[in-house]
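Read the structure below first, then the notes.
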Amino acid sequence: MAATDQIRQMVNFILQEAHEKANEIRVKTEHDFNLEKQTLVHEAKLNIQEEFTKKEKDREIQERITRSAEIGECRVKKMKIRDDLLQNLLQEAGAKCAVVTRGQNYPQLLQKLIVQGLIKIEENEITVFCRTEDLKTVESILPAAIKEYVEIIKRESGVTLSPKVSLNTDRSKDLKESSYGGVLLTALNGKIVCDNTMSSRLKLVYEELLPSIRAILFPEN
């Protein structure tokens with residue numbers, strides 16, 4: 001009987017140890033599982049946050065690119081509108097120059113332009129070009145222009161010149177209507193050119209006054 005009790009006690013002890021060991025393993029397994037689960041959940045959250053952050057950053061970058069493109073497009077349109085307005089202004093000024101050529105003082109203006117051109121070129125043989133409709137006027141004032149030029153040079157330097165100034169005879173080379181009048185002088189077979197057309201003078205004035213024109217038409221404030 002004693003032996004049987006001993007065996008029973010040993011069996012109970014072994015079973016108790018087995019239960020405790022099994023419970024210990026179960027507890028550790030659950031702990032490890034919960035720890036692994038928490039780690040995986042945390043990593044998943046981090047991955048989701050990183051993905052969200054990346055997508056948000058990509059969206060912001062795309063918005064900046066789109067906004068920059070829109071701003072650039074608006075600037076291009078704005079510049080084109082301004083340029084068109086300035087070109088229209090130049091054309092209107094050119095039309096007014098054309099009116100000047102029909103005025104009674106136009107012959108005197110042509111003479112002054114020829115004299116100025118002769119002084120600038122400083123050559124002995126010079127050809128004068130003008131519009132076809134200005135031929136008669138230029139022919140009539142050319143001798144007076146040459147005389148005035150010679151007198152100016154003599155007065156300023158004491159030298160008496162005898163320039164050979166001729167009017168262009170090739171009608172295909174007459175100045176176009178877009179010149180708005182005036183003259184163009186050449187020397188040395190066209191190597192030296194003095195453009196004293198109305199369009200050339202208008203462009204010079206336009207470029208000189210362009211900053212002021214822009215400030216008036218397109219004030220920053």
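Identifiers in the structure tokens: chain A, B, ... in order shown; residue index from 1 per chain; ligand index from 1 in order shown.
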Which residues come within 8 Å of Tyr149 in chain A, counting only C-alpha atoms, excluding same-chain residues fewer than 6 positions away, as a compact mmCIF listing (two decimals) with C-alpha atoms, in the first residue's frame?
```
# COMPACT_ATOMS: atom_id res chain seq x y z
CA VAL A 115 22.70 116.18 -94.36
CA LEU A 118 26.34 112.62 -95.16
CA ILE A 119 28.01 113.80 -91.95
```
Legend entry - Proximity to Lys191 in chain A - best of A:Thr127, A:Gln111, A:Gln62, A:Gln9, only C-alpha atoms: A:Thr127
Legend entry - Nearest residue to Gly117 in chain A from the set A:Pro219, A:Leu209, A:Leu184, A:Asn88 (distances using only C-alpha atoms): A:Leu184
Legend entry - Selection near Pro143 in chain A, 12 Å with only C-alpha atoms, sequence-local residues under 3 positions removed, as number ranges by chain: A: 111, 114-115, 137-140, 146-150, 162-167
Inset, instruction - Grab the CA of Glu125 in chain A to CA of Leu185 in chain A distance for me, in Å with one decimal place. - result: 10.3 Å
Inset, instruction - Mind listing the strand (DSSP E or B) residues of chain A, per DSSP on the backbone, as a PyMOL selection string? - result: chain A and resi 125-129+131+164-167+175+182-187+192-197
Legend entry - Expected answer as number ranges by chain: helix (DSSP H, G or I) residues in range 95-182 of chain A: A: 95-100, 106-121, 132-157, 171-173, 177-179
Inset, instruction - Identify which of the residues A:Leu188, A:Ile48, A:Ile81, A:Val183 lies closest to Pro107 in chain A, counting only C-alpha atoms when measuring atom-to-atom distances. - result: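 Once distances to Pro107 in chain A are computed over only C-alpha atoms, the minimum belongs to A:Val183.
The smallest atom-to-atom distance between Tyr180 in chain A and any of A:Gln108, A:Thr101, A:Asn196, A:Thr160, using only C-alpha atoms, is found for A:Thr101.
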Legend entry - Selection: 9 Å around range 171-173 of chain A, only C-alpha atoms, excl. self and same-chain fewer than 2 positions, as number ranges by chain: A: 129-132, 168-169, 175-176
Legend entry - Separation of CA of Ser200 in chain A from CA of Lys96 in chain A in Å: 14.1 Å
Legend entry - Given only C-alpha atoms as the counted atoms, nearest of A:Leu135, A:Ile121, A:Leu204, A:Ile152 to Ile192 in chain A: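 Selected residue with least distance to Ile192 in chain A: A:Ile121.
Taking CA of Ala145 in chain A and CA of Lys112 in chain A as endpoints, the distance between them is 7.2 Å.
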